[in-house]
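Source file: work.cif; contents: mmCIF, C-alpha atoms and all ligand atoms.
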```cif
data_start
loop_
_atom_site.label_atom_id
_atom_site.label_comp_id
_atom_site.auth_asym_id
_atom_site.auth_seq_id
_atom_site.Cartn_x
_atom_site.Cartn_y
_atom_site.Cartn_z
CA MET A 1 32.03 -54.18 -30.13
CA LYS A 2 30.24 -57.03 -31.83
CA ILE A 3 26.58 -57.74 -31.11
CA SER A 4 25.34 -61.33 -31.08
CA PRO A 5 21.55 -61.59 -30.67
CA SER A 6 20.51 -64.87 -29.04
CA LEU A 7 18.07 -66.95 -31.06
CA LEU A 8 16.63 -68.32 -27.82
CA ALA A 9 14.43 -65.22 -27.63
CA ALA A 10 13.25 -65.47 -31.25
CA ASP A 11 9.82 -66.66 -32.39
CA PHE A 12 10.48 -70.40 -32.87
CA ALA A 13 7.60 -70.61 -35.34
CA ASN A 14 9.27 -68.00 -37.57
CA LEU A 15 13.00 -68.49 -37.14
CA ALA A 16 14.23 -67.55 -40.62
CA ALA A 17 12.16 -64.35 -40.70
CA ASP A 18 13.30 -63.37 -37.21
CA VAL A 19 16.96 -63.95 -38.10
CA ALA A 20 16.56 -61.84 -41.24
CA ARG A 21 15.10 -59.08 -39.06
CA VAL A 22 18.11 -58.92 -36.70
CA GLU A 23 20.51 -59.22 -39.64
CA ALA A 24 18.89 -56.21 -41.29
CA ALA A 25 18.94 -54.46 -37.91
CA GLY A 26 22.75 -54.51 -37.83
CA ALA A 27 23.68 -57.59 -35.80
CA ASP A 28 27.24 -58.91 -36.28
CA PHE A 29 26.83 -62.51 -35.06
CA LEU A 30 23.92 -64.86 -34.41
CA HIS A 31 24.17 -66.54 -30.99
CA LEU A 32 22.79 -70.08 -31.02
CA ASP A 33 22.15 -71.60 -27.57
CA VAL A 34 22.21 -75.40 -27.66
CA MET A 35 20.88 -77.01 -24.45
CA ASP A 36 20.59 -80.72 -23.70
CA GLY A 37 18.50 -80.91 -20.51
CA HIS A 38 21.52 -82.39 -18.67
CA PHE A 39 24.26 -79.78 -18.51
CA VAL A 40 21.48 -77.22 -18.01
CA PRO A 41 17.88 -77.83 -16.91
CA ASN A 42 16.37 -76.81 -20.26
CA ILE A 43 16.24 -78.16 -23.83
CA SER A 44 16.46 -75.81 -26.81
CA PHE A 45 17.52 -76.94 -30.31
CA GLY A 46 20.42 -78.70 -31.99
CA ALA A 47 22.43 -79.01 -35.18
CA PRO A 48 19.44 -79.67 -37.54
CA VAL A 49 17.88 -76.30 -36.71
CA ILE A 50 21.22 -74.53 -37.15
CA GLY A 51 21.77 -76.28 -40.49
CA ALA A 52 18.29 -75.29 -41.65
CA LEU A 53 18.97 -71.62 -40.84
CA ARG A 54 22.42 -71.55 -42.44
CA PRO A 55 21.31 -70.82 -46.03
CA HIS A 56 19.11 -67.98 -44.76
CA SER A 57 21.83 -65.86 -43.14
CA LYS A 58 25.32 -64.47 -43.69
CA LEU A 59 25.82 -63.69 -39.99
CA LEU A 60 28.67 -65.36 -38.13
CA PHE A 61 27.06 -68.36 -36.43
CA ASP A 62 28.20 -68.20 -32.79
CA VAL A 63 27.22 -71.60 -31.34
CA HIS A 64 27.11 -71.85 -27.54
CA LEU A 65 27.06 -75.50 -26.46
CA MET A 66 25.49 -76.05 -23.05
CA ILE A 67 25.67 -79.83 -23.37
CA GLU A 68 27.46 -82.74 -21.72
CA CYS A 69 30.11 -84.61 -23.77
CA PRO A 70 30.40 -81.81 -26.36
CA GLU A 71 33.14 -83.80 -28.13
CA ARG A 72 30.49 -86.22 -29.40
CA TYR A 73 28.68 -83.53 -31.37
CA ILE A 74 31.35 -81.10 -32.60
CA ALA A 75 31.41 -82.64 -36.10
CA ASP A 76 27.63 -82.20 -36.38
CA PHE A 77 27.82 -78.50 -35.55
CA ILE A 78 30.70 -77.95 -37.98
CA LYS A 79 28.65 -79.65 -40.70
CA ALA A 80 25.61 -77.56 -39.82
CA GLY A 81 27.58 -74.39 -40.60
CA ALA A 82 28.85 -73.08 -37.27
CA ASP A 83 31.59 -70.42 -37.61
CA SER A 84 32.45 -70.34 -33.92
CA ILE A 85 31.91 -73.04 -31.31
CA THR A 86 31.93 -72.40 -27.56
CA ILE A 87 32.19 -75.27 -25.09
CA HIS A 88 31.76 -75.01 -21.32
CA VAL A 89 34.86 -75.79 -19.28
CA GLU A 90 32.54 -77.49 -16.74
CA SER A 91 31.13 -79.88 -19.37
CA THR A 92 34.23 -81.92 -20.21
CA GLU A 93 37.53 -83.21 -18.85
CA HIS A 94 39.31 -82.47 -22.12
CA PRO A 95 38.53 -78.89 -23.12
CA ASP A 96 42.01 -78.49 -24.65
CA ALA A 97 41.58 -81.35 -27.12
CA ILE A 98 38.13 -80.13 -28.17
CA LEU A 99 39.31 -76.54 -28.66
CA LYS A 100 42.19 -77.82 -30.82
CA ALA A 101 39.80 -79.91 -32.93
CA ILE A 102 37.52 -76.89 -33.48
CA LYS A 103 40.46 -74.74 -34.57
CA GLU A 104 41.89 -77.45 -36.81
CA ALA A 105 38.54 -77.50 -38.63
CA GLY A 106 39.08 -73.80 -39.38
CA LEU A 107 36.47 -72.44 -36.96
CA ARG A 108 36.77 -69.99 -34.10
CA ALA A 109 37.14 -71.83 -30.79
CA ALA A 110 35.85 -70.52 -27.48
CA VAL A 111 35.48 -71.67 -23.90
CA SER A 112 32.78 -70.56 -21.46
CA VAL A 113 32.66 -70.26 -17.69
CA SER A 114 29.48 -70.36 -15.61
CA PRO A 115 29.08 -67.77 -12.83
CA LYS A 116 30.38 -70.03 -10.02
CA THR A 117 33.49 -71.20 -11.90
CA PRO A 118 36.64 -69.20 -11.07
CA ILE A 119 38.00 -67.45 -14.15
CA GLU A 120 41.52 -68.75 -13.43
CA THR A 121 40.25 -72.22 -14.43
CA ILE A 122 40.46 -71.26 -18.08
CA PHE A 123 43.74 -69.31 -18.01
CA PRO A 124 45.80 -72.30 -19.23
CA LEU A 125 43.41 -72.65 -22.21
CA LEU A 126 43.79 -69.06 -23.42
CA PRO A 127 46.41 -69.80 -26.13
CA LEU A 128 43.88 -72.21 -27.72
CA CYS A 129 40.99 -69.74 -27.68
CA ASP A 130 39.76 -67.07 -30.07
CA MET A 131 37.18 -66.03 -27.49
CA VAL A 132 36.15 -66.61 -23.87
CA LEU A 133 32.45 -66.48 -22.99
CA VAL A 134 31.86 -65.26 -19.46
CA MET A 135 28.32 -66.17 -18.38
CA THR A 136 26.72 -63.22 -16.63
CA VAL A 137 23.72 -65.37 -15.57
CA GLU A 138 23.39 -69.08 -14.73
CA PRO A 139 23.17 -70.84 -18.10
CA GLY A 140 19.83 -72.38 -19.07
CA PHE A 141 17.31 -69.62 -19.56
CA GLY A 142 16.92 -66.25 -21.23
CA GLY A 143 15.42 -63.25 -19.52
CA GLN A 144 17.41 -63.41 -16.26
CA LYS A 145 19.10 -60.57 -14.37
CA LEU A 146 22.83 -59.98 -14.82
CA ILE A 147 24.92 -61.07 -11.79
CA PRO A 148 27.22 -58.05 -11.13
CA ALA A 149 30.00 -60.15 -9.51
CA THR A 150 30.62 -61.86 -12.87
CA LEU A 151 32.07 -58.57 -14.16
CA ASP A 152 34.99 -58.94 -11.71
CA LYS A 153 35.83 -62.12 -13.64
CA VAL A 154 35.78 -60.16 -16.89
CA ARG A 155 38.25 -57.62 -15.44
CA GLY A 156 40.56 -60.43 -14.25
CA LEU A 157 40.38 -62.09 -17.65
CA ARG A 158 41.06 -58.86 -19.58
CA ALA A 159 44.15 -58.26 -17.37
CA GLU A 160 45.42 -61.82 -17.97
CA ILE A 161 44.92 -61.56 -21.76
CA GLU A 162 46.86 -58.28 -21.79
CA LYS A 163 49.60 -59.65 -19.54
CA LYS A 164 50.12 -62.59 -21.90
CA GLY A 165 49.91 -60.36 -24.99
CA LEU A 166 47.17 -62.49 -26.54
CA SER A 167 44.38 -61.50 -28.88
CA VAL A 168 41.27 -63.12 -27.41
CA ASP A 169 37.74 -61.73 -27.56
CA ILE A 170 35.67 -61.58 -24.38
CA GLU A 171 31.97 -62.30 -24.82
CA ALA A 172 29.38 -61.79 -22.08
CA ASP A 173 26.00 -63.55 -22.07
CA GLY A 174 22.91 -63.02 -19.96
CA GLY A 175 20.91 -60.05 -18.74
CA ILE A 176 22.48 -57.52 -21.09
CA ASN A 177 20.28 -54.56 -22.04
CA ASP A 178 20.64 -50.80 -22.38
CA THR A 179 20.88 -50.35 -18.61
CA THR A 180 23.59 -52.99 -18.00
CA ILE A 181 25.65 -52.76 -21.19
CA ALA A 182 27.82 -49.78 -20.16
CA ASP A 183 29.24 -51.64 -17.13
CA VAL A 184 29.74 -54.79 -19.19
CA LEU A 185 31.76 -52.94 -21.85
CA LYS A 186 33.73 -51.02 -19.25
CA ALA A 187 34.77 -54.30 -17.60
CA GLY A 188 36.46 -55.34 -20.86
CA VAL A 189 33.85 -57.22 -22.90
CA ASN A 190 33.91 -56.73 -26.69
CA VAL A 191 31.25 -59.25 -27.83
CA ILE A 192 27.75 -58.75 -26.44
CA VAL A 193 25.07 -61.46 -26.42
CA ALA A 194 21.54 -60.18 -26.05
CA GLY A 195 18.38 -62.27 -26.33
CA SER A 196 15.30 -60.66 -24.85
CA SER A 197 16.59 -57.12 -25.29
CA ILE A 198 16.98 -57.56 -29.08
CA PHE A 199 14.67 -60.34 -30.34
CA GLY A 200 12.12 -59.29 -27.72
CA ALA A 201 12.27 -55.62 -28.73
CA ALA A 202 9.47 -54.12 -30.82
CA ASP A 203 12.19 -52.60 -33.02
CA PRO A 204 15.45 -54.60 -32.97
CA ALA A 205 17.21 -51.98 -35.14
CA SER A 206 16.69 -49.26 -32.55
CA ALA A 207 17.60 -51.68 -29.72
CA ILE A 208 20.94 -52.35 -31.47
CA ALA A 209 21.46 -48.65 -32.26
CA ASP A 210 20.79 -47.74 -28.60
CA MET A 211 23.40 -50.28 -27.49
CA ARG A 212 25.97 -48.97 -29.97
CA ALA A 213 25.33 -45.41 -28.78
CA LEU A 214 26.38 -46.48 -25.26
CA GLU A 215 29.77 -47.71 -26.51
CA GLN A 216 32.43 -45.20 -25.53
C1 LIG A 301 21.38 -68.50 -21.35
C2 LIG A 301 21.86 -68.29 -22.76
C3 LIG A 301 21.78 -66.89 -23.24
C4 LIG A 301 20.39 -66.30 -23.25
C5 LIG A 301 20.54 -64.82 -22.97
O1 LIG A 301 21.79 -69.74 -20.92
O2 LIG A 301 23.22 -68.68 -22.87
O3 LIG A 301 22.40 -66.74 -24.49
O4 LIG A 301 19.71 -66.49 -24.45
O5 LIG A 301 19.27 -64.27 -22.88
P1 LIG A 301 19.02 -62.81 -22.30
O6 LIG A 301 19.80 -61.85 -23.14
O7 LIG A 301 17.55 -62.69 -22.42
O8 LIG A 301 19.50 -62.80 -20.86
ZN ZN A 302 24.31 -68.23 -24.74
#
```

Could you write out this file's structure as structure tokens?
Amino acid sequence: MKISPSLLAADFANLAADVARVEAAGADFLHLDVMDGHFVPNISFGAPVIGALRPHSKLLFDVHLMIECPERYIADFIKAGADSITIHVESTEHPDAILKAIKEAGLRAAVSVSPKTPIETIFPLLPLCDMVLVMTVEPGFGGQKLIPATLDKVRGLRAEIEKKGLSVDIEADGGINDTTIADVLKAGVNVIVAGSSIFGAADPASAIADMRALEQ
């Protein structure tokens, strides 16, 4: 599994130092939650913050766009140094064109589904995706409780990926900690986002080690 700590739970007054801490702790990716106050009822940070962090980290920058009209800003996030860009299927009428543009720029392309969106909605997009992000909480805020029914969607998605013989990662995001991670992995997830349970931990290295120990 890959572990992608979410910057949303970092100390915003000390971002570079906090990122260095999770990098040294054994993180694989850095999850960057971009929120616009429209697609979700919260505002976080945008491309300038990501660009400022880029020279400070070698982690794969896993950018999760929770914004309306993502097509308007893709070029900005590519320029800022994103390695992977995730758009929400609910945020645009043309997810296919945006995913193609991300891939043509040489990045990893991913699509996300919010808890109430049926997973079948994204099945036609699978050949264009390197990863699907299944939201395990309503997008917008860190520190929420995982919604167990979202794991049924992960199982359905894993079965569809196998049926089609594709190689697509499944990422889960929201409410993942050492008590929920075993069920999440068992459902078929191989990329774990964790905000509060890693950046919020007194010792991120042991939080990551505890998670890896639960991987069977
Ligand atoms: C929520 C974000 C998540 C969030 C997860 O909209 O997409 O990435 O930071 O936070 P935790 O792990 O605290 O639930
Ligand atoms: Zn996220």

Listing only residues of chain A within 6 Å of ligand ZN 302 (chain A), what is the closest atom pair and its distance in Å (to one decimal) for each, using all atoms listed in the file, sorted by chain and residue number ascending, as a Markdown table?
```
| residue | atom | partner | partner_atom | distance |
| --- | --- | --- | --- | --- |
| A:Asp33 | CA | A:ZN302 | ZN | 4.9 |
| A:His64 | CA | A:ZN302 | ZN | 5.4 |
| A:Asp173 | CA | A:ZN302 | ZN | 5.6 |
```

Tell me which residues come within 12 Å of (19.4, -61.9, -15.8), as a PDB file with C-alpha atoms, in the coordinates of the input, counting all atoms listed in the file in the file's coordinates.
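So the final result, stored in point30.pdb, reads:
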```
ATOM      1  CA  PRO A 115      29.080 -67.770 -12.830  1.00  0.00           C
ATOM      2  CA  MET A 135      28.320 -66.170 -18.380  1.00  0.00           C
ATOM      3  CA  THR A 136      26.720 -63.220 -16.630  1.00  0.00           C
ATOM      4  CA  VAL A 137      23.720 -65.370 -15.570  1.00  0.00           C
ATOM      5  CA  GLU A 138      23.390 -69.080 -14.730  1.00  0.00           C
ATOM      6  CA  PRO A 139      23.170 -70.840 -18.100  1.00  0.00           C
ATOM      7  CA  GLY A 140      19.830 -72.380 -19.070  1.00  0.00           C
ATOM      8  CA  PHE A 141      17.310 -69.620 -19.560  1.00  0.00           C
ATOM      9  CA  GLY A 142      16.920 -66.250 -21.230  1.00  0.00           C
ATOM     10  CA  GLY A 143      15.420 -63.250 -19.520  1.00  0.00           C
ATOM     11  CA  GLN A 144      17.410 -63.410 -16.260  1.00  0.00           C
ATOM     12  CA  LYS A 145      19.100 -60.570 -14.370  1.00  0.00           C
ATOM     13  CA  LEU A 146      22.830 -59.980 -14.820  1.00  0.00           C
ATOM     14  CA  ILE A 147      24.920 -61.070 -11.790  1.00  0.00           C
ATOM     15  CA  PRO A 148      27.220 -58.050 -11.130  1.00  0.00           C
ATOM     16  CA  THR A 150      30.620 -61.860 -12.870  1.00  0.00           C
ATOM     17  CA  ALA A 172      29.380 -61.790 -22.080  1.00  0.00           C
ATOM     18  CA  ASP A 173      26.000 -63.550 -22.070  1.00  0.00           C
ATOM     19  CA  GLY A 174      22.910 -63.020 -19.960  1.00  0.00           C
ATOM     20  CA  GLY A 175      20.910 -60.050 -18.740  1.00  0.00           C
ATOM     21  CA  ILE A 176      22.480 -57.520 -21.090  1.00  0.00           C
ATOM     22  CA  ASN A 177      20.280 -54.560 -22.040  1.00  0.00           C
ATOM     23  CA  THR A 179      20.880 -50.350 -18.610  1.00  0.00           C
ATOM     24  CA  THR A 180      23.590 -52.990 -18.000  1.00  0.00           C
ATOM     25  CA  ALA A 194      21.540 -60.180 -26.050  1.00  0.00           C
ATOM     26  CA  GLY A 195      18.380 -62.270 -26.330  1.00  0.00           C
ATOM     27  CA  SER A 196      15.300 -60.660 -24.850  1.00  0.00           C
ATOM     28  CA  SER A 197      16.590 -57.120 -25.290  1.00  0.00           C
TER      29      SER A 197
END
```

> Pick the closest to ligand LIG 301 (chain A) from A:Ile78, A:Ile85, A:Val34, A:Ala20: which is it, counting all atoms listed in the file?
Replying inline: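 Of A:Ile78, A:Ile85, A:Val34, A:Ala20, the one nearest ligand LIG 301 (chain A), counting all atoms listed in the file, is A:Val34.
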
> Could you name the residues that touch Glu71 (chain A) at 10 Å or less, counting all atoms listed in the file, but leaving out those on the same chain fewer than 4 positions away, as a PyMOL selection string?
Replying inline: chain A and resi 67+75+87+91-92+94-95+97-99+101-102

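With only C-alpha atoms and all ligand atoms as the atoms that count, the residue of A:Glu23, A:Asp62, A:Asp203, A:Asp183 with the shortest distance to ligand LIG 301 (chain A) is A:Asp62.
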
Using the file's own x, y and z axes, so that the box edges lie along x, y and z, what centre and edge lengths in Å (one decimal) does a box around every listed atom of region 25-44 of chain A get when 4 Å is added on each side? Give it as lines of an AutoDock Vina configuration file.
```
center_x = 21.7
center_y = -68.4
center_z = -27.4
size_x = 19.0
size_y = 35.9
size_z = 29.0
```

>> (24.4, -71.0, -36.4) in this file's frame - what residues fall within 8 Å of it? Use all atoms listed in the file and give the answer as an MDAnalysis selection string.
In response: chainID A and resid 30:32 50:51 53:54 60:63 80:83

> If you measure from CA of Lys100 (chain A) to CA of Met66 (chain A), what distance in Å do you get, rounded to one decimal?
Replying inline: 18.5 Å

> Contacts of region 153-163 of chain A at 6 Å or less, counting all atoms listed in the file, minus same-chain residues fewer than 5 places along, as an MDAnalysis selection string?
Replying inline: chainID A and resid 119 187:188

> Could you state the separation of CA of Ala182 (chain A) and CA of Leu65 (chain A) in Å, given to one decimal place?
Replying inline: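 If I compute the distance from CA of Ala182 (chain A) to CA of Leu65 (chain A), I get 26.5 Å.
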
>> Show me, as a PyMOL selection string, the residues that have an atom within 12 Å of region 207-209 of chain A when counting all atoms listed in the file, minus same-chain residues fewer than 6 positions from it.
In response: chain A and resi 1-5+21-28+176-179+181+192-201+215

Just write the chosen residues, C-alpha atoms, as a compact mmCIF listing (two decimals), in the frame of the given file.
```
# COMPACT_ATOMS: atom_id res chain seq x y z
CA MET A 1 32.03 -54.18 -30.13
CA LYS A 2 30.24 -57.03 -31.83
CA ILE A 3 26.58 -57.74 -31.11
CA SER A 4 25.34 -61.33 -31.08
CA PRO A 5 21.55 -61.59 -30.67
CA ARG A 21 15.10 -59.08 -39.06
CA VAL A 22 18.11 -58.92 -36.70
CA GLU A 23 20.51 -59.22 -39.64
CA ALA A 24 18.89 -56.21 -41.29
CA ALA A 25 18.94 -54.46 -37.91
CA GLY A 26 22.75 -54.51 -37.83
CA ALA A 27 23.68 -57.59 -35.80
CA ASP A 28 27.24 -58.91 -36.28
CA ILE A 176 22.48 -57.52 -21.09
CA ASN A 177 20.28 -54.56 -22.04
CA ASP A 178 20.64 -50.80 -22.38
CA THR A 179 20.88 -50.35 -18.61
CA ILE A 181 25.65 -52.76 -21.19
CA ILE A 192 27.75 -58.75 -26.44
CA VAL A 193 25.07 -61.46 -26.42
CA ALA A 194 21.54 -60.18 -26.05
CA GLY A 195 18.38 -62.27 -26.33
CA SER A 196 15.30 -60.66 -24.85
CA SER A 197 16.59 -57.12 -25.29
CA ILE A 198 16.98 -57.56 -29.08
CA PHE A 199 14.67 -60.34 -30.34
CA GLY A 200 12.12 -59.29 -27.72
CA ALA A 201 12.27 -55.62 -28.73
CA GLU A 215 29.77 -47.71 -26.51
```

>> Between CA of Val189 (chain A) and CA of Ser6 (chain A), what is the distance in Å, rounded to a tenth?
In response: 16.6 Å

> Pick from A:Arg72, A:Lys79, A:His88, A:His56: nearest to ligand LIG 301 (chain A), with all atoms listed in the file counted?
Replying inline: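 Ranking A:Arg72, A:Lys79, A:His88, A:His56 by distance to ligand LIG 301 (chain A), first place goes to A:His88.
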
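Using only C-alpha atoms, the smallest distance between any of A:Gly46, A:Gly106, A:Ser57, A:Val113 and Asp76 (chain A) comes from A:Gly46.
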
> Which one of A:Leu133, A:Ala16, A:Leu107, A:Leu128 sits closest to ligand LIG 301 (chain A) if you count only C-alpha atoms and all ligand atoms?
Replying inline: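 With only C-alpha atoms and all ligand atoms as the atom set, the closest residue is A:Leu133.
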
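Considering all atoms listed in the file, the residue among A:Asp152, A:Glu104, A:Asp36, A:Glu120 positioned nearest to ligand LIG 301 (chain A) is A:Asp36.
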